[in-house]
file upload30.pdb (PDB, C-alpha atoms, pLDDT in the B column)
ATOM      1  CA  MET L   1       4.948  20.123  -0.452  1.00 78.00           C
ATOM      2  CA  THR L   2       3.073  18.394  -3.270  1.00 85.00           C
ATOM      3  CA  ARG L   3       0.557  20.290  -5.343  1.00 91.00           C
ATOM      4  CA  ARG L   4      -2.188  17.878  -4.257  1.00 89.00           C
ATOM      5  CA  LEU L   5      -1.378  18.488  -0.583  1.00 92.00           C
ATOM      6  CA  THR L   6      -1.303  22.271  -1.053  1.00 94.00           C
ATOM      7  CA  GLU L   7      -4.696  22.201  -2.808  1.00 94.00           C
ATOM      8  CA  THR L   8      -6.157  19.928  -0.132  1.00 94.00           C
ATOM      9  CA  ILE L   9      -5.009  22.165   2.713  1.00 95.00           C
ATOM     10  CA  THR L  10      -6.512  25.186   0.959  1.00 94.00           C
ATOM     11  CA  ARG L  11      -9.834  23.361   0.582  1.00 93.00           C
ATOM     12  CA  LEU L  12      -9.770  22.183   4.230  1.00 94.00           C
ATOM     13  CA  TYR L  13      -9.875  25.821   5.273  1.00 94.00           C
ATOM     14  CA  ARG L  14     -12.722  26.547   2.817  1.00 91.00           C
ATOM     15  CA  PRO L  15     -15.434  23.928   3.287  1.00 86.00           C
ATOM     16  CA  PRO L  16     -18.250  23.775   0.713  1.00 88.00           C
ATOM     17  CA  PRO L  17     -20.641  26.713   1.127  1.00 89.00           C
ATOM     18  CA  ASP L  18     -23.677  24.420   0.913  1.00 91.00           C
ATOM     19  CA  GLY L  19     -22.679  22.697   4.180  1.00 89.00           C
ATOM     20  CA  ARG L  20     -21.863  19.317   2.621  1.00 93.00           C
ATOM     21  CA  ARG L  21     -18.891  17.397   3.896  1.00 96.00           C
ATOM     22  CA  GLN L  22     -15.908  17.019   1.617  1.00 97.00           C
ATOM     23  CA  VAL L  23     -13.650  13.998   1.255  1.00 97.00           C
ATOM     24  CA  PHE L  24     -10.062  13.764   0.019  1.00 96.00           C
ATOM     25  CA  ALA L  25      -7.793  10.873  -0.967  1.00 96.00           C
ATOM     26  CA  LEU L  26      -4.130  11.393  -0.086  1.00 96.00           C
ATOM     27  CA  SER L  27      -0.937   9.433   0.310  1.00 96.00           C
ATOM     28  CA  ARG L  28       0.386   8.522   3.726  1.00 97.00           C
ATOM     29  CA  PRO L  29       3.205  11.131   3.621  1.00 96.00           C
ATOM     30  CA  GLU L  30       0.714  13.836   2.610  1.00 96.00           C
ATOM     31  CA  ALA L  31      -1.728  12.894   5.382  1.00 97.00           C
ATOM     32  CA  GLU L  32       1.046  12.932   7.974  1.00 97.00           C
ATOM     33  CA  ARG L  33       1.859  16.527   6.961  1.00 97.00           C
ATOM     34  CA  LEU L  34      -1.695  17.880   7.312  1.00 97.00           C
ATOM     35  CA  PRO L  35      -2.392  20.568   9.893  1.00 97.00           C
ATOM     36  CA  ARG L  36      -4.189  19.133  12.918  1.00 97.00           C
ATOM     37  CA  LEU L  37      -7.621  20.732  12.460  1.00 97.00           C
ATOM     38  CA  SER L  38     -10.564  19.925  14.712  1.00 96.00           C
ATOM     39  CA  TRP L  39     -12.968  19.749  11.764  1.00 96.00           C
ATOM     40  CA  VAL L  40     -10.964  17.045   9.932  1.00 97.00           C
ATOM     41  CA  ALA L  41     -11.438  13.300  10.426  1.00 98.00           C
ATOM     42  CA  ILE L  42      -8.956  10.736   9.113  1.00 98.00           C
ATOM     43  CA  ILE L  43      -9.446   7.234   7.735  1.00 98.00           C
ATOM     44  CA  SER L  44      -5.960   5.765   7.800  1.00 98.00           C
ATOM     45  CA  ILE L  45      -5.334   2.739   5.570  1.00 98.00           C
ATOM     46  CA  THR L  46      -2.065   0.889   5.960  1.00 97.00           C
ATOM     47  CA  ALA L  47      -0.783  -2.247   4.329  1.00 95.00           C
ATOM     48  CA  PRO L  48      -0.608  -5.336   6.552  1.00 95.00           C
ATOM     49  CA  GLY L  49       2.630  -5.378   8.510  1.00 94.00           C
ATOM     50  CA  ARG L  50       3.248  -1.630   8.131  1.00 95.00           C
ATOM     51  CA  LEU L  51       3.521   0.665  11.131  1.00 96.00           C
ATOM     52  CA  PRO L  52       0.591   3.038  11.714  1.00 96.00           C
ATOM     53  CA  ALA L  53       0.781   6.476  10.136  1.00 97.00           C
ATOM     54  CA  TYR L  54       1.798   9.359  12.390  1.00 97.00           C
ATOM     55  CA  LEU L  55      -1.503  11.134  12.978  1.00 97.00           C
ATOM     56  CA  ASP L  56      -1.188  12.320  16.586  1.00 97.00           C
ATOM     57  CA  GLY L  57      -3.272  15.413  17.214  1.00 97.00           C
ATOM     58  CA  PHE L  58      -6.294  14.413  15.151  1.00 97.00           C
ATOM     59  CA  GLU L  59      -9.364  13.835  17.302  1.00 97.00           C
ATOM     60  CA  HIS L  60     -11.239  11.530  14.900  1.00 98.00           C
ATOM     61  CA  VAL L  61      -9.131   8.742  13.401  1.00 98.00           C
ATOM     62  CA  LEU L  62     -10.124   5.309  12.132  1.00 98.00           C
ATOM     63  CA  ARG L  63      -7.280   2.936  11.326  1.00 98.00           C
ATOM     64  CA  VAL L  64      -7.763  -0.048   9.011  1.00 98.00           C
ATOM     65  CA  SER L  65      -5.252  -2.375   7.419  1.00 97.00           C
ATOM     66  CA  PHE L  66      -5.716  -4.330   4.207  1.00 97.00           C
ATOM     67  CA  ALA L  67      -3.803  -5.188   1.063  1.00 95.00           C
ATOM     68  CA  ASP L  68      -4.350  -3.354  -2.199  1.00 94.00           C
ATOM     69  CA  LEU L  69      -6.008  -6.198  -4.139  1.00 93.00           C
ATOM     70  CA  ASP L  70      -8.703  -6.193  -6.813  1.00 92.00           C
ATOM     71  CA  PHE L  71      -9.999  -9.355  -5.124  1.00 91.00           C
ATOM     72  CA  LEU L  72     -13.311  -9.561  -7.014  1.00 89.00           C
ATOM     73  CA  ASN L  73     -11.461  -9.757 -10.320  1.00 88.00           C
ATOM     74  CA  PRO L  74     -11.719 -13.364 -11.584  1.00 87.00           C
ATOM     75  CA  ALA L  75      -8.277 -13.107 -13.229  1.00 90.00           C
ATOM     76  CA  LEU L  76      -6.223 -12.816 -10.037  1.00 86.00           C
ATOM     77  CA  SER L  77      -2.533 -13.539 -10.293  1.00 89.00           C
ATOM     78  CA  PRO L  78      -1.034 -16.286  -8.106  1.00 90.00           C
ATOM     79  CA  ARG L  79       0.652 -13.568  -6.023  1.00 88.00           C
ATOM     80  CA  ALA L  80      -2.676 -11.791  -5.464  1.00 87.00           C
ATOM     81  CA  ARG L  81      -4.392 -15.077  -4.573  1.00 87.00           C
ATOM     82  CA  ALA L  82      -1.742 -15.670  -1.904  1.00 88.00           C
ATOM     83  CA  ALA L  83      -2.630 -12.319  -0.299  1.00 88.00           C
ATOM     84  CA  LEU L  84      -6.417 -12.790  -0.203  1.00 89.00           C
ATOM     85  CA  GLY L  85      -6.340 -13.255   3.576  1.00 91.00           C
ATOM     86  CA  ASN L  86      -5.338  -9.584   3.837  1.00 94.00           C
ATOM     87  CA  ALA L  87      -7.987  -8.231   1.464  1.00 94.00           C
ATOM     88  CA  PHE L  88     -10.651  -5.645   2.353  1.00 96.00           C
ATOM     89  CA  THR L  89     -13.572  -7.145   4.288  1.00 94.00           C
ATOM     90  CA  VAL L  90     -17.260  -6.403   4.657  1.00 94.00           C
ATOM     91  CA  ASP L  91     -16.615  -5.795   8.370  1.00 95.00           C
ATOM     92  CA  GLN L  92     -14.055  -3.135   7.513  1.00 96.00           C
ATOM     93  CA  ALA L  93     -16.529  -1.496   5.127  1.00 97.00           C
ATOM     94  CA  MET L  94     -19.122  -1.466   7.900  1.00 96.00           C
ATOM     95  CA  ALA L  95     -16.596  -0.001  10.362  1.00 97.00           C
ATOM     96  CA  ILE L  96     -15.817   2.819   7.919  1.00 98.00           C
ATOM     97  CA  ARG L  97     -19.489   3.586   7.381  1.00 97.00           C
ATOM     98  CA  GLN L  98     -20.185   3.522  11.143  1.00 97.00           C
ATOM     99  CA  PHE L  99     -17.208   5.803  11.800  1.00 98.00           C
ATOM    100  CA  VAL L 100     -18.385   8.333   9.212  1.00 97.00           C
ATOM    101  CA  GLU L 101     -22.000   8.201  10.392  1.00 97.00           C
ATOM    102  CA  SER L 102     -20.941   8.796  14.010  1.00 97.00           C
ATOM    103  CA  LEU L 103     -18.820  11.883  13.319  1.00 98.00           C
ATOM    104  CA  PRO L 104     -20.086  15.070  14.952  1.00 97.00           C
ATOM    105  CA  CYS L 105     -21.521  17.716  12.658  1.00 93.00           C
ATOM    106  CA  GLN L 106     -18.485  19.972  13.324  1.00 94.00           C
ATOM    107  CA  VAL L 107     -16.402  17.583  11.202  1.00 96.00           C
ATOM    108  CA  THR L 108     -16.682  19.051   7.713  1.00 96.00           C
ATOM    109  CA  SER L 109     -13.846  17.187   6.004  1.00 97.00           C
ATOM    110  CA  ILE L 110     -12.702  13.584   5.838  1.00 98.00           C
ATOM    111  CA  VAL L 111      -9.242  12.662   4.619  1.00 98.00           C
ATOM    112  CA  VAL L 112      -8.689   9.076   3.539  1.00 98.00           C
ATOM    113  CA  HIS L 113      -5.098   8.033   3.102  1.00 97.00           C
ATOM    114  CA  CYS L 114      -3.333   4.891   1.957  1.00 97.00           C
ATOM    115  CA  GLU L 115       0.317   4.372   1.105  1.00 95.00           C
ATOM    116  CA  GLY L 116       0.238   5.987  -2.358  1.00 94.00           C
ATOM    117  CA  GLY L 117      -3.073   7.846  -2.243  1.00 93.00           C
ATOM    118  CA  TYR L 118      -4.516   6.409  -5.449  1.00 93.00           C
ATOM    119  CA  SER L 119      -6.126   2.993  -5.145  1.00 96.00           C
ATOM    120  CA  ARG L 120      -7.524   2.124  -1.709  1.00 97.00           C
ATOM    121  CA  SER L 121      -8.012   5.691  -0.482  1.00 97.00           C
ATOM    122  CA  SER L 122      -9.608   6.719  -3.774  1.00 97.00           C
ATOM    123  CA  ALA L 123     -12.060   3.809  -3.556  1.00 97.00           C
ATOM    124  CA  ILE L 124     -13.136   4.800  -0.045  1.00 98.00           C
ATOM    125  CA  ALA L 125     -13.413   8.503  -0.987  1.00 97.00           C
ATOM    126  CA  LEU L 126     -15.474   7.674  -4.069  1.00 97.00           C
ATOM    127  CA  ALA L 127     -17.740   5.403  -2.018  1.00 97.00           C
ATOM    128  CA  LEU L 128     -18.344   8.163   0.542  1.00 97.00           C
ATOM    129  CA  HIS L 129     -19.209  10.508  -2.324  1.00 96.00           C
ATOM    130  CA  ARG L 130     -21.710   8.017  -3.759  1.00 96.00           C
ATOM    131  CA  LEU L 131     -23.163   6.922  -0.406  1.00 96.00           C
ATOM    132  CA  TYR L 132     -23.441  10.275   1.355  1.00 96.00           C
ATOM    133  CA  GLY L 133     -23.095  12.909  -1.358  1.00 95.00           C
ATOM    134  CA  TYR L 134     -19.796  14.230  -0.002  1.00 96.00           C
ATOM    135  CA  GLU L 135     -18.044  16.694  -2.259  1.00 94.00           C
ATOM    136  CA  VAL L 136     -14.985  15.211  -3.940  1.00 93.00           C
ATOM    137  CA  ALA L 137     -12.760  15.827  -6.944  1.00 89.00           C
ATOM    138  CA  VAL L 138     -13.970  12.725  -8.824  1.00 86.00           C
ATOM    139  CA  ALA L 139     -11.470  13.234 -11.653  1.00 83.00           C
ATOM    140  CA  ARG L 140      -8.653  12.495  -9.192  1.00 84.00           C
ATOM    141  CA  LEU L 141     -10.111   9.121  -8.236  1.00 90.00           C
ATOM    142  CA  THR L 142      -9.597   7.302 -11.535  1.00 92.00           C
ATOM    143  CA  GLU L 143      -7.356   4.623 -10.041  1.00 94.00           C
ATOM    144  CA  ALA L 144      -9.837   3.599  -7.320  1.00 96.00           C
ATOM    145  CA  ASN L 145      -9.643  -0.088  -6.419  1.00 96.00           C
ATOM    146  CA  PRO L 146     -12.830  -1.527  -7.990  1.00 95.00           C
ATOM    147  CA  SER L 147     -13.242  -4.346  -5.451  1.00 95.00           C
ATOM    148  CA  VAL L 148     -12.918  -2.038  -2.442  1.00 96.00           C
ATOM    149  CA  LEU L 149     -15.442   0.338  -4.013  1.00 96.00           C
ATOM    150  CA  ARG L 150     -17.938  -2.452  -4.707  1.00 95.00           C
ATOM    151  CA  VAL L 151     -17.732  -3.817  -1.154  1.00 96.00           C
ATOM    152  CA  MET L 152     -18.105  -0.312   0.313  1.00 96.00           C
ATOM    153  CA  LEU L 153     -21.244   0.178  -1.793  1.00 95.00           C
ATOM    154  CA  GLY L 154     -22.609  -3.243  -0.810  1.00 91.00           C
ATOM    155  CA  GLU L 155     -22.376  -4.514  -4.401  1.00 85.00           C
ATOM    156  CA  GLY L 156     -19.746  -7.201  -3.984  1.00 67.00           C
ATOM    157  CA  ARG L 157     -19.059  -9.928  -1.502  1.00 60.00           C
ATOM    158  CA  PRO L 158     -15.574 -11.326  -1.097  1.00 53.00           C
ATOM    159  CA  ARG L 159     -15.385 -14.993  -2.094  1.00 48.00           C
ATOM    160  CA  TRP L 160     -12.724 -16.042   0.386  1.00 41.00           C
ATOM    161  CA  LYS L 161     -12.893 -17.172   3.986  1.00 41.00           C
ATOM    162  CA  ALA L 162     -10.794 -14.946   6.205  1.00 40.00           C
ATOM    163  CA  ASN L 163     -10.835 -13.506   9.688  1.00 39.00           C
ATOM    164  CA  ARG L 164     -13.487 -10.826   9.321  1.00 40.00           C
ATOM    165  CA  SER L 165     -12.840  -9.252  12.713  1.00 40.00           C
ATOM    166  CA  ARG L 166      -9.584  -7.610  11.578  1.00 39.00           C
ATOM    167  CA  ILE L 167      -9.837  -3.798  11.637  1.00 41.00           C
TER     168      ILE L 167
END
call {"tool": "encode", "arguments": {"input": "upload30.pdb", "output": "structure tokens"}}
result
Amino acid sequence: MTRRLTETITRLYRPPPDGRRQVFALSRPEAERLPRLSWVAIISITAPGRLPAYLDGFEHVLRVSFADLDFLNPALSPRARAALGNAFTVDQAMAIRQFVESLPCQVTSIVVHCEGGYSRSSAIALALHRLYGYEVAVARLTEANPSVLRVMLGEGRPRWKANRSRI
């Protein structure tokens, strides 16, 4: 078991004493190994074309799929430009916010996972911290995808035309 997973599990059993929700960014393998706790919600981020993560047993799960692209960066590589159709969308940001806002008060922790647990999941966790004041270990979120964060916060609009209904 990774150190990050061990620390996260410990904190899941000890929610913040002030009643605030807490949010964690993990990798897919770490999220799949979490205990199925009724007070934990999951935002599961997979890359396009990947199978869904194994999260059976969690009551509150939102699944989204998008590529890990810094799509608002004007210096996109040709490879990144080719993947813009799979980038994070405003509709996905809205779906995440609606999911979080609709969670029952018994849910005290939100785990966001992506494949590696550093870029996409960190951006969503950091956005939830900034938007809702959720407790988070900010120092662990240094590799957050800046474009995903900006769209989550309503600060950036993707410049491409893509199917926005994809969740």
call {"tool": "resolve_selection", "arguments": {"input": "upload30.pdb", "expression": "the PyMOL selection byres ((chain L and resi 133) around 12)", "output": "list in words"}}
result
Asp18, Gly19, Arg20, Arg21, Gln22, Val23, Ala125, Leu126, Ala127, Leu128, His129, Arg130, Leu131, Tyr132, Tyr134, Glu135, Val136 and Val138 of chain L
call {"tool": "resolve_selection", "arguments": {"input": "upload30.pdb", "expression": "the PyMOL selection byres ((chain L and resi 92) around 10)", "output": "PyMOL selection string"}}
result
chain L and resi 63-66+87-91+93-98+151-152+164-167
call {"tool": "residues_near_point", "arguments": {"input": "upload30.pdb", "point": "(-4.7, 6.1, -2.2)", "cutoff": "9 Å", "atoms": "only C-alpha atoms", "output": "PDB file with C-alpha atoms, in the frame of the given file"}}
result
ATOM      1  CA  ALA L  25      -7.793  10.873  -0.967  1.00 96.00           C
ATOM      2  CA  LEU L  26      -4.130  11.393  -0.086  1.00 96.00           C
ATOM      3  CA  SER L  27      -0.937   9.433   0.310  1.00 96.00           C
ATOM      4  CA  ARG L  28       0.386   8.522   3.726  1.00 97.00           C
ATOM      5  CA  ILE L  45      -5.334   2.739   5.570  1.00 98.00           C
ATOM      6  CA  VAL L 112      -8.689   9.076   3.539  1.00 98.00           C
ATOM      7  CA  HIS L 113      -5.098   8.033   3.102  1.00 97.00           C
ATOM      8  CA  CYS L 114      -3.333   4.891   1.957  1.00 97.00           C
ATOM      9  CA  GLU L 115       0.317   4.372   1.105  1.00 95.00           C
ATOM     10  CA  GLY L 116       0.238   5.987  -2.358  1.00 94.00           C
ATOM     11  CA  GLY L 117      -3.073   7.846  -2.243  1.00 93.00           C
ATOM     12  CA  TYR L 118      -4.516   6.409  -5.449  1.00 93.00           C
ATOM     13  CA  SER L 119      -6.126   2.993  -5.145  1.00 96.00           C
ATOM     14  CA  ARG L 120      -7.524   2.124  -1.709  1.00 97.00           C
ATOM     15  CA  SER L 121      -8.012   5.691  -0.482  1.00 97.00           C
ATOM     16  CA  SER L 122      -9.608   6.719  -3.774  1.00 97.00           C
ATOM     17  CA  ALA L 123     -12.060   3.809  -3.556  1.00 97.00           C
ATOM     18  CA  ILE L 124     -13.136   4.800  -0.045  1.00 98.00           C
ATOM     19  CA  LEU L 141     -10.111   9.121  -8.236  1.00 90.00           C
ATOM     20  CA  GLU L 143      -7.356   4.623 -10.041  1.00 94.00           C
ATOM     21  CA  ALA L 144      -9.837   3.599  -7.320  1.00 96.00           C
ATOM     22  CA  ASN L 145      -9.643  -0.088  -6.419  1.00 96.00           C
TER      23      ASN L 145
END
call {"tool": "resolve_selection", "arguments": {"input": "upload30.pdb", "expression": "the PyMOL selection byres ((chain L and resi 51-57) around 10)", "output": "number ranges by chain"}}
result
L: 28-29, 31-38, 42, 44-50, 58-61, 63-65, 113-115
call {"tool": "atom_distance", "arguments": {"input": "upload30.pdb", "atom1": "atom CA of L:Thr108", "atom2": "atom CA of L:Pro15"}}
result
6.7 Å
call {"tool": "atom_distance", "arguments": {"input": "upload30.pdb", "atom1": "atom CA of L:Ala75", "atom2": "atom CA of L:Pro146"}}
result
13.5 Å
call {"tool": "atom_distance", "arguments": {"input": "upload30.pdb", "atom1": "atom CA of L:Leu72", "atom2": "atom CA of L:Leu149"}}
result
10.6 Å
call {"tool": "residues_around", "arguments": {"input": "upload30.pdb", "residues": "L:Met1", "least_positions_apart": "2", "cutoff": "9 Å", "atoms": "only C-alpha atoms", "output": "list in words"}}
result
Arg3, Arg4, Leu5, Thr6, Glu30 and Arg33 of chain L
call {"tool": "write_last_selection", "arguments": {"input": "upload30.pdb", "atoms": "C-alpha atoms", "output": "PDB file, keeping the file's coordinate frame"}}
result
ATOM      1  CA  ARG L   3       0.557  20.290  -5.343  1.00 91.00           C
ATOM      2  CA  ARG L   4      -2.188  17.878  -4.257  1.00 89.00           C
ATOM      3  CA  LEU L   5      -1.378  18.488  -0.583  1.00 92.00           C
ATOM      4  CA  THR L   6      -1.303  22.271  -1.053  1.00 94.00           C
ATOM      5  CA  GLU L  30       0.714  13.836   2.610  1.00 96.00           C
ATOM      6  CA  ARG L  33       1.859  16.527   6.961  1.00 97.00           C
TER       7      ARG L  33
END
call {"tool": "closest_residue", "arguments": {"input": "upload30.pdb", "among": "L:Val40, L:Ile9, L:Leu153, L:Leu62", "to": "L:Gln106", "atoms": "all atoms listed in the file"}}
result
L:Val40
call {"tool": "residues_around", "arguments": {"input": "upload30.pdb", "residues": "L:Ala83", "least_positions_apart": "6", "cutoff": "12 Å", "atoms": "all atoms listed in the file", "output": "list in words"}}
result
Ala47, Pro48, Phe66, Ala67, Asp68, Leu69, Asp70, Phe71, Leu76, Ser77, Trp160 and Ala162 of chain L
call {"tool": "axis_aligned_box", "arguments": {"input": "upload30.pdb", "around": "stretch 143-151 of chain L", "padding_each_side": "6 Å", "output": "AutoDock Vina command-line options"}}
result
--center_x -12.6 --center_y 0.1 --center_z -5.6 --size_x 22.6 --size_y 21.0 --size_z 20.9
